[in-house]
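Report on the following structure.
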Amino acid sequence: MDPRTFAPIQSFHPLQTPGNRGFRGIRACLALAASLLGAPAAPAQTVVTTGDDLAAVVAAAAHGDEIVIQSDATFVGTLSWTSKHLILRAGVGYHPTLRGSPDQPALRLTPSPGFGSSVWLRGLRLEPGVVPPGGSARPAVLHTGTAPTQPYHSSNTDFEDCLVLGDVEAACTGGAVNWINLKRTRVVGAVEVSGTGSAYTYLGAADGADIDELRLENNGQATNNCFIEELRIRGELRIRPLSSGEHDVFINRSRLEGPVVLQGGSSTGISVFMESCLLRGTGTGTGLFARSIDVLEADNLTITDYAVGLDAELPASFANLLIFDVADCLAPVVLPAQIRRSLIEDGTYQGLLGNLGGKPWIDANLALLPGSKGIDHGDNSVISQGNEDLFGDPRYQDNDGDGVVRINCGAIESLGTCAQAEVTPYNGSGSNPQFLAALTKPKLGQPFVASIAYGPQTAATLLALGVPSPSPLTLAGVEGEILLDLSLFPTLYFASGTHVIPVPNSFQYCGVELAVQGLRIDLPGGIPLARCGNGLRLVLGQ
């Protein structure tokens, strides 16, 4: 949509239009609204350079004007206006900063009638003003103010290619309408909606937007509609309204790196639809938690690296999930009827409704490797928000070659690639002689061949296979440092110089890391002496 047509759509609620559920409905409604508005007149353009008074230029601008900042300077002073739409953008090759007045946001919009208070920001850096001693941090962008229910009063901000160093907050009350759109924009802070009364907020985030947290915590009858696609959230996503209101949230092809908390109440209406998302934590917390919600339909999620993977009560339903590397994959409240055709590593509900258990076999990008149980195991009927996976690849593929097109479990459809086989020498403190060398790489299905060079008194050679020791150690009667962890019982291969170790031809071993160390039995003066050589770190792969 042309940004100049965005501002006047303040009364348009895409998710409340009958028959338009899902991303396709939102896009169709927005396109229709834009077409009805017609082509805008060409905007007047004002160029701002270093030393100019940006606030004065903004105050003097007319509705629809474009302000181009051709400067790398920092422009200090909170920008605010009503009843007009402006375009503020960086000139080509410039990176200006908009900083708020002391203890104030860089941009404050209040709801107004007519064209609303709206702006399209492009290529700008925004940050709040300096906080005085003892003060609390302010948002970088703030929608605030009170508006009557009729006629509609709106505050609209459209970010594109921006860096926001602070929160983006919508805290209006009454009948205010807020629109916040993020496109290829990094928010080093939270996007927070905390309006009251009957305020309505539409949040859109797409095309690689990146934020620290997303919090929807309205009060009163406030309503949220969120359309999220290709968004990265580095922390928590929390939807927890404090009173009544309707909240429809669509999340597609996004990376969620903290807990997802959906907490409704007796009078709230929360409907969440998630598809092809990666939930990857840091080993603690719960990946997806849901209580007292109207609808939660979550399909083709990959959930990994949490203490608890999934903790969601009815009526939440799930299909085609991939859950692994989680202490407890499913909390006890998740019932067998809620989850189907999923690969759950710990085997919970294995054999029920098409669910499987076991290791997923994945590559470094968490894509399934050939031979994984999750390949072509999903339910095609659940895909509704688009025919693309997390990486934008087509969803409908025949990945197991059986002639039937069926989607995979998890967020990623196209198969992964096995790690490249690698050999890296290592030698503890460096005191061991370097007589071990790799003649091949440890490729799946092929033998790994290593050579241990003989000395003038060598009687036999040994190759020890295991994992590296946390620190080198020495043993009585053994010359040099032991580089393998002896508590894990390394396997010994005896030979005369050349050692051959078979590598299984299975993708489950792809990326497995091992280590070998060379040892020799020498006979100085006719007395056997074990001598330690260098080691090699191995990565099994292709």
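To be explicit about the labels: the chains of the structure tokens are called A, B, and onward in the order shown, and within each one the residues are counted from 1, while ligands get numbers from 1 in the order they are shown.
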Residues at most 7 Å from stretch 68-81 of chain A, counting only C-alpha atoms, excluding those fewer than 3 positions away in the same chain, as an NGL selection string? :A and (46-50 or 54-55 or 59 or 88-91 or 94-101 or 104-109 or 117)
Would you pick out the contacts of stretch 325-342 of chain A at 6 Å or less, using only C-alpha atoms, so that residues sharing its chain but fewer than 5 positions from it are not included, and give the list as an NGL selection string? :A and (304-313 or 317-320 or 353-355 or 378)
In Å, with one decimal, what is the gap from atom CA of A:Val260 to atom CA of A:Leu237? 4.8 Å
Got a sec: who's within 7 Å of stretch 240-253 of chain A, counting only C-alpha atoms, leaving out chain neighbours fewer than 2 positions off, as a ChimeraX atom specification? /A:22,216-230,238,262-264,267-277,389-390
File dump, residues just selected, C-alpha atoms, as a compact mmCIF listing (two decimals), in the first residue's frame:
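As a result, result14.txt now contains:
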# COMPACT_ATOMS: atom_id res chain seq x y z
CA GLY A 22 -6.72 -15.16 8.15
CA LEU A 216 -0.70 -6.58 24.44
CA GLU A 217 -2.16 -5.65 27.81
CA ASN A 218 -5.24 -3.52 27.17
CA ASN A 219 -7.86 -2.62 29.70
CA GLY A 220 -11.59 -1.88 29.44
CA GLN A 221 -13.21 -2.75 26.09
CA ALA A 222 -10.02 -2.18 24.11
CA THR A 223 -9.55 -4.34 21.02
CA ASN A 224 -6.42 -5.57 19.24
CA ASN A 225 -5.97 -7.02 15.78
CA CYS A 226 -2.45 -8.18 14.93
CA PHE A 227 -1.07 -9.44 11.66
CA ILE A 228 2.49 -10.73 12.10
CA GLU A 229 4.58 -12.33 9.36
CA GLU A 230 8.36 -12.75 9.21
CA ARG A 238 2.65 -11.60 25.98
CA LEU A 262 -1.51 -16.08 26.20
CA GLN A 263 -3.48 -15.31 29.33
CA GLY A 264 -7.17 -14.47 29.06
CA SER A 267 -14.64 -11.63 29.99
CA THR A 268 -11.84 -11.43 27.43
CA GLY A 269 -11.94 -12.83 23.95
CA ILE A 270 -8.54 -14.01 22.67
CA SER A 271 -8.16 -15.80 19.34
CA VAL A 272 -4.64 -16.70 18.20
CA PHE A 273 -3.66 -18.43 14.97
CA MET A 274 -0.03 -19.50 14.55
CA GLU A 275 1.57 -21.23 11.62
CA SER A 276 5.10 -22.13 10.47
CA CYS A 277 6.81 -20.45 13.43
CA ASP A 389 7.39 -22.34 5.40
CA LEU A 390 9.58 -20.35 7.79
How far is it from atom CA of A:Cys162 to atom CA of A:Ala209, in Å with one decimal? 9.5 Å
Considering only C-alpha atoms, state which residue in the set A:Arg125, A:Arg138, A:His499, A:His143 is at the smallest distance from A:Leu436. A:His499
